[in-house]
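A.B. asks: So that we are looking at the same thing, I have put the structure below in structure tokens.
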Amino acid sequence: MAHAKTSYVCLPCRASYKQRYPSCYDHDRVCPRCAEPLIHVGSAFAAPKRRDTAAWRTLSVLLHAGVRFHKSCCGFGPGYRPRTLREVRERMDYARATGEPFARALVRPELP
């Protein structure tokens, strides 16, 4: 039986790669194009098109805040993730105003 795979992303190249899950023996994974480290984003990740710079910028904000795309225990997706920079800005303004951590505000489906 084949091993399950998960997604890794290279932000400078705007590329996504499916690879096997990391084990304790794995070293850091590097991009085959630029040799920069890959970021493990999770198995429920769907990469935007390479030419969609706004979507990649949004993804970069999410990944740098620590938000990932892992499936839940029941097989559902990762939950809400903002898709536009406007949604990211709204949630970051909310986080600054309330003191909520950025990562938690970014995955909040609706703002009060």
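We name chains A, B, ... following the order of the structure tokens; residues begin at 1 in each chain, and ligands are numbered from 1 as shown.
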Apply DSSP to the structure's backbone, then extract all residues of chain A labelled helix (DSSP H, G or I) and return them as a PyMOL selection string.

C.D. replies: chain A and resi 53-64+85-98+102-106

A.B. asks: I want to know what sits within 9 Å of Leu11 in chain A, based on only C-alpha atoms, with residues of the same chain fewer than 3 positions away left out; could you give that as number ranges by chain?

C.D. replies: A: 14-16, 38-39, 56-57, 59-60

A.B. asks: Keeping only N, CA, C and O atoms, write those residues as a tab-separated table (two decimals), in the first residue's frame.

C.D. replies:
```
chain	number	residue	atom	x	y	z
A	14	ARG	N	6.43	29.95	-5.67
A	14	ARG	CA	4.97	29.78	-5.78
A	14	ARG	C	4.65	28.39	-6.33
A	14	ARG	O	3.94	28.24	-7.32
A	15	ALA	N	5.19	27.38	-5.65
A	15	ALA	CA	5.00	26.00	-6.08
A	15	ALA	C	4.59	25.14	-4.90
A	15	ALA	O	4.98	25.39	-3.76
A	16	SER	N	3.81	24.10	-5.20
A	16	SER	CA	3.35	23.15	-4.19
A	16	SER	C	3.79	21.76	-4.61
A	16	SER	O	3.75	21.42	-5.80
A	38	LEU	N	11.23	24.02	2.15
A	38	LEU	CA	9.80	23.91	1.91
A	38	LEU	C	9.05	24.03	3.22
A	38	LEU	O	9.56	23.64	4.28
A	39	ILE	N	7.84	24.53	3.16
A	39	ILE	CA	6.99	24.67	4.35
A	39	ILE	C	5.92	23.58	4.29
A	39	ILE	O	5.21	23.45	3.29
A	56	TRP	N	-1.25	34.07	-3.40
A	56	TRP	CA	0.01	33.63	-2.79
A	56	TRP	C	0.44	34.58	-1.67
A	56	TRP	O	1.02	34.15	-0.68
A	57	ARG	N	0.14	35.86	-1.80
A	57	ARG	CA	0.46	36.81	-0.74
A	57	ARG	C	-0.40	36.51	0.49
A	57	ARG	O	0.08	36.52	1.62
A	59	LEU	N	-1.68	33.56	1.23
A	59	LEU	CA	-1.14	32.31	1.76
A	59	LEU	C	0.12	32.56	2.57
A	59	LEU	O	0.32	31.97	3.64
A	60	SER	N	0.97	33.45	2.11
A	60	SER	CA	2.20	33.77	2.83
A	60	SER	C	1.90	34.33	4.22
A	60	SER	O	2.54	33.95	5.21
```

A.B. asks: Just the residues within 8 Å of Phe102 in chain A, please, counting only C-alpha atoms, with nothing from its chain fewer than 5 positions along; format it as a list in words.

C.D. replies: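 So, after excluding close chain neighbours, the residues are Ala65, Arg91, Met92 and Ala95 of chain A.
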
A.B. asks: What's the 9 Å shell around Arg29 in chain A, counting only C-alpha atoms, without same-chain residues fewer than 4 positions away, as a compact mmCIF listing (two decimals) with N, CA, C and O atoms, in the first residue's frame?

C.D. replies:
```txt
# COMPACT_ATOMS: atom_id res chain seq x y z
N TYR A 8 3.67 20.35 0.61
CA TYR A 8 4.73 21.28 0.99
C TYR A 8 4.70 22.43 -0.01
O TYR A 8 4.36 22.23 -1.17
N ALA A 35 16.17 25.52 -4.05
CA ALA A 35 16.88 24.95 -2.89
C ALA A 35 16.55 25.68 -1.58
O ALA A 35 17.27 25.53 -0.60
N GLU A 36 15.47 26.45 -1.55
CA GLU A 36 15.01 27.06 -0.30
C GLU A 36 14.21 26.00 0.47
O GLU A 36 13.67 25.07 -0.12
N PRO A 37 14.10 26.15 1.79
CA PRO A 37 13.32 25.17 2.57
C PRO A 37 11.84 25.20 2.19
O PRO A 37 11.28 26.26 1.95
N LEU A 38 11.23 24.02 2.15
CA LEU A 38 9.80 23.91 1.91
C LEU A 38 9.05 24.03 3.22
O LEU A 38 9.56 23.64 4.28
N ILE A 39 7.84 24.53 3.16
CA ILE A 39 6.99 24.67 4.35
C ILE A 39 5.92 23.58 4.29
O ILE A 39 5.21 23.45 3.29
N HIS A 40 5.80 22.81 5.37
CA HIS A 40 4.78 21.77 5.45
C HIS A 40 3.45 22.45 5.73
O HIS A 40 3.26 23.07 6.77
```

A.B. asks: Taking only C-alpha atoms into account, which of A:Arg68, A:Arg89, A:Arg108, A:His27 comes nearest Phe45 in chain A?

C.D. replies: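 Smallest distance to Phe45 in chain A is found for A:Arg68.
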
A.B. asks: Can you tell me, as a list in words, what residues are no more than 9 Å from Cys34 in chain A when counting only C-alpha atoms, ignoring any on the same chain fewer than 4 positions away?

C.D. replies: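 What passes the distance filter is Cys10, Pro12, Cys13 and Val30 of chain A.
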
A.B. asks: Once DSSP has gone over the backbone, tell me which residues of chain A are in strand (DSSP E), as a VMD selection string.

C.D. replies: chain A and resid 5 to 10 15 to 20 39 to 42

A.B. asks: Give me a file of those residues, with N, CA, C and O atoms, as a tab-separated table (two decimals), in the first residue's frame.

C.D. replies:
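Once everything was written out, this is again36.tsv:
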```tsv
chain	number	residue	atom	x	y	z
A	5	LYS	N	0.32	11.02	1.47
A	5	LYS	CA	1.13	12.18	1.13
A	5	LYS	C	0.50	13.45	1.69
A	5	LYS	O	-0.69	13.50	1.98
A	6	THR	N	1.33	14.45	1.82
A	6	THR	CA	0.92	15.74	2.33
A	6	THR	C	1.57	16.82	1.47
A	6	THR	O	2.45	16.52	0.66
A	7	SER	N	1.14	18.05	1.63
A	7	SER	CA	1.63	19.13	0.77
A	7	SER	C	2.72	19.95	1.44
A	7	SER	O	2.68	20.20	2.65
A	8	TYR	N	3.67	20.35	0.61
A	8	TYR	CA	4.73	21.28	0.99
A	8	TYR	C	4.70	22.43	-0.01
A	8	TYR	O	4.36	22.23	-1.17
A	9	VAL	N	5.09	23.63	0.44
A	9	VAL	CA	5.02	24.81	-0.40
A	9	VAL	C	6.36	25.54	-0.39
A	9	VAL	O	7.02	25.62	0.64
A	10	CYS	N	6.73	26.07	-1.56
A	10	CYS	CA	7.86	26.99	-1.68
A	10	CYS	C	7.27	28.34	-2.03
A	10	CYS	O	6.73	28.52	-3.14
A	15	ALA	N	5.19	27.38	-5.65
A	15	ALA	CA	5.00	26.00	-6.08
A	15	ALA	C	4.59	25.14	-4.90
A	15	ALA	O	4.98	25.39	-3.76
A	16	SER	N	3.81	24.10	-5.20
A	16	SER	CA	3.35	23.15	-4.19
A	16	SER	C	3.79	21.76	-4.61
A	16	SER	O	3.75	21.42	-5.80
A	17	TYR	N	4.21	20.95	-3.63
A	17	TYR	CA	4.68	19.60	-3.90
A	17	TYR	C	4.01	18.63	-2.93
A	17	TYR	O	3.91	18.92	-1.74
A	18	LYS	N	3.54	17.50	-3.45
A	18	LYS	CA	3.02	16.43	-2.61
A	18	LYS	C	4.18	15.49	-2.30
A	18	LYS	O	4.85	15.00	-3.21
A	19	GLN	N	4.41	15.25	-1.02
A	19	GLN	CA	5.46	14.34	-0.59
A	19	GLN	C	4.94	13.53	0.59
A	19	GLN	O	3.94	13.87	1.20
A	20	ARG	N	5.67	12.47	0.92
A	20	ARG	CA	5.23	11.65	2.04
A	20	ARG	C	5.35	12.43	3.35
A	20	ARG	O	6.08	13.41	3.43
A	39	ILE	N	7.84	24.53	3.16
A	39	ILE	CA	6.99	24.67	4.35
A	39	ILE	C	5.92	23.58	4.29
A	39	ILE	O	5.21	23.45	3.29
A	40	HIS	N	5.80	22.81	5.37
A	40	HIS	CA	4.78	21.77	5.45
A	40	HIS	C	3.45	22.45	5.73
A	40	HIS	O	3.26	23.07	6.77
A	41	VAL	N	2.49	22.33	4.79
A	41	VAL	CA	1.22	23.03	4.94
A	41	VAL	C	0.06	22.12	5.28
A	41	VAL	O	-0.98	22.60	5.72
A	42	GLY	N	0.18	20.82	5.09
A	42	GLY	CA	-0.88	19.89	5.47
A	42	GLY	C	-1.53	19.22	4.29
A	42	GLY	O	-1.37	19.63	3.14
```

A.B. asks: What separation in Å, quoted to one decimal, exists between CA of Pro109 in chain A and CA of Tyr21 in chain A?

C.D. replies: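 These atoms are spaced 28.3 Å apart.
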
A.B. asks: Would you mind telling me which residue in A:Leu106, A:Thr58, A:Ser43, A:Cys31 lies nearest to Lys71 in chain A when using only C-alpha atoms?

C.D. replies: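 Using only C-alpha atoms, Lys71 in chain A sits closest to A:Ser43.
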
A.B. asks: Using only C-alpha atoms, which residue out of A:Ala54, A:Ala103, A:Leu63, A:Ala47 lies closest to Arg86 in chain A?

C.D. replies: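 The answer is A:Ala54, which sits nearest to Arg86 in chain A.
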
A.B. asks: What is the distance, in Å and to one decimal place, between CA of Arg81 in chain A and CA of Ala97 in chain A?

C.D. replies: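 That distance, rounded to one decimal, is 20.1 Å.
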
A.B. asks: What is the distance between CA of Arg96 in chain A and CA of Thr84 in chain A, in Å to one decimal?

C.D. replies: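 Here the two named atoms are 18.7 Å from each other.
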